[in-house]
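Here the structure is laid out as structure tokens; the discussion comes afterwards.
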Amino acid sequence: MVRVSVPATSANLGPGFDTLGVALELRNVIEMDETGIDDVVIEVEGAGAGALEDPGRNMVYQAARLVFQRLGYEPNGLLIREKVAIPVARGMGSSAAAIVGGLVAANALVQKRTGGPGLDREELLRMAVAIEGHPDNVTPALLGGFTVSCMDPDRGPLYLRFPPPRGLRAVVVMPEVQIKGRKTEQSRGVLPAQVSLRDAVYNLNRTALLVAAVAQGRTDLLRVAMQDRLHQPYRAALVPGMRSVFEAALSAGALGVALSGAGPSVIALVAESAEPVALAMEAAFQWAGSNARSLTMDLAREGARVLSGPGREQDMLDRPPHWG
């Protein structure tokens, strides 16, 4: 059996639409093994239990199948156990974690069974992006830290990774708001086809500032660097109270605040006590008519990890080009 740990992620981070992402220290654990019985059994504990056990709807299994096909390996029956801590459809990268977890677990299982090199990190990232459609969530899920990523038509996904500044934590507040239909498609559907040059320059300035601030540990710049005019003003209609929540977070001491992914969760970055920020954000959502709950967590320096035993973990970032 192989065990894999995959972090939650938050994408966009304000101005970095489809570009910036950060890994969060909230993890799903996936176990995968051959059973010797010609069947696929999926067991899910936590978020999604009772809804994700069907192989045809399970993203971990669908991603794993692609690795088996790529490596020409046919497992002799398959058991997948998922311990899901990442909330589903909350803008915290649950689909990215499932995709990356399935790819990494299947790759590790084939390596264990055959002794072969398996697929390297770059190939797994290309496969993850092909499944997800964009790289901003799957890249930090695989690599950890802050990531900047883009798609090149010739070279595929390109990225740079930065370790998170020391002492920076995340407060994620999740309102009880259901975005109708398929969440990502619905949240993209409210975006305009064109934006003004002024707004485009505004976002370019802040995206560049945010990357530089993270790289140099200038957390004092996050308040301005995480501002956005490209997607958040339009998505506010899908998350009642979002602007008030932003203001409440900053007034309570947050260094920066943004819609997490496509929403509806809001992420605030903090360096001091997280509790006042969490309480202020929850109260702002409550005032807007939606109950909310918060999670406070560290930023994850490591991405997907193969767990080789109690106390022994292998980080996917620092492995050789082919993982053993």
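Every chain in the structure tokens takes a letter, A first, then B, and so on in the order presented; its residues are numbered from 1, and the ligands are numbered from 1 following the presented order.
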Test item: residues at most 8 Å from stretch 242-257 of chain A, only C-alpha atoms, excluding those fewer than 2 positions along its chain, as an MDAnalysis selection string
chainID A and resid 13:14 219:226 236 239:240 259 266:272 276:278 280:282 284:285
Please provide the set of residues having any atom within 9 Å of A:Arg65, restricted to only C-alpha atoms, with same-chain residues fewer than 6 positions apart removed, written as a list in words.
Gly102, Leu103 and Ala106 of chain A
Pick the closest to A:Leu52 from A:Val29, A:Val190, A:Ile37, A:Val84: which is it, counting only C-alpha atoms?
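Among the listed residues, A:Val84 lies closest to A:Leu52.
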Extract the full set of strand (DSSP E) residues from stretch 128-165 of chain A according to DSSP on the backbone, and format it as a list of chain:residue names.
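Filtering stretch 128-165 of chain A to strand (DSSP E) leaves A:Phe146, A:Thr147, A:Val148, A:Ser149, A:Cys150, A:Met151, A:Asp152, A:Gly156, A:Pro157, A:Leu158, A:Tyr159, A:Leu160, A:Arg161, A:Phe162.
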Give me the residues of stretch 12-44 of chain A that have any atom at most 12 Å from an atom of stretch 149-166 of chain A; for each, the nearest atom pair and the distance in Å, rounded to one decimal. Use only C-alpha atoms, sort by chain and number, and format it as a tab-separated table.
residue	atom	partner	partner_atom	distance
A:Asn12	CA	A:Ser149	CA	10.7
A:Gly16	CA	A:Ser149	CA	9.8
A:Phe17	CA	A:Ser149	CA	10.5
A:Asp18	CA	A:Cys150	CA	7.9
A:Thr19	CA	A:Ser149	CA	5.2
A:Leu20	CA	A:Ser149	CA	6.6
A:Gly21	CA	A:Ser149	CA	8.3
A:Val22	CA	A:Pro164	CA	8.3
A:Ala23	CA	A:Pro164	CA	9.1
A:Leu24	CA	A:Pro164	CA	10.2
A:Glu25	CA	A:Pro164	CA	11.7
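Distance annotation: of A:Val177, A:Val138, A:Val110, A:Val2, the residue with the minimal separation from A:Arg293 is A:Val177; atom set is only C-alpha atoms.
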Per DSSP on the backbone, filter stretch 101-253 of chain A down to the residues in helix (DSSP H, G or I) and report them as number ranges by chain.
A: 101-114, 121-132, 138-143, 183-189, 197-216, 219-225, 232-238, 242-251
Record the distance separating atom CA of A:Ala193 and atom CA of A:Pro175, expressed in Å with one decimal.
27.8 Å
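Distance check against A:Ser10 using only C-alpha atoms: of A:Val67, A:Asn107, A:Gly263, A:Ala98, the minimum falls on A:Gly263.
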Shortest interatomic distance to A:Glu275 - which of A:Val173, A:Ile86, A:Ala64, A:Ile80, counting only C-alpha atoms:
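Among the listed residues, the smallest separation from A:Glu275 belongs to A:Val173.
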From the options A:Ala49, A:Ala212, A:Val44, A:Ala300, which residue's atoms come nearest to A:Arg169, counting only C-alpha atoms?
A:Ala300
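Note that atom CA of A:Val171 and atom CA of A:Ala105 are 29.0 Å apart.
Of the listed residues (A:Leu168, A:Leu230, A:Leu119, A:Leu238), A:Leu168 comes nearest to A:Arg301; the distances count only C-alpha atoms.
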For atom CA of A:Ser94 and atom CA of A:Ala237, the interatomic separation in Å (one decimal)
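So the two atoms, atom CA of A:Ser94 and atom CA of A:Ala237, lie 22.8 Å apart.
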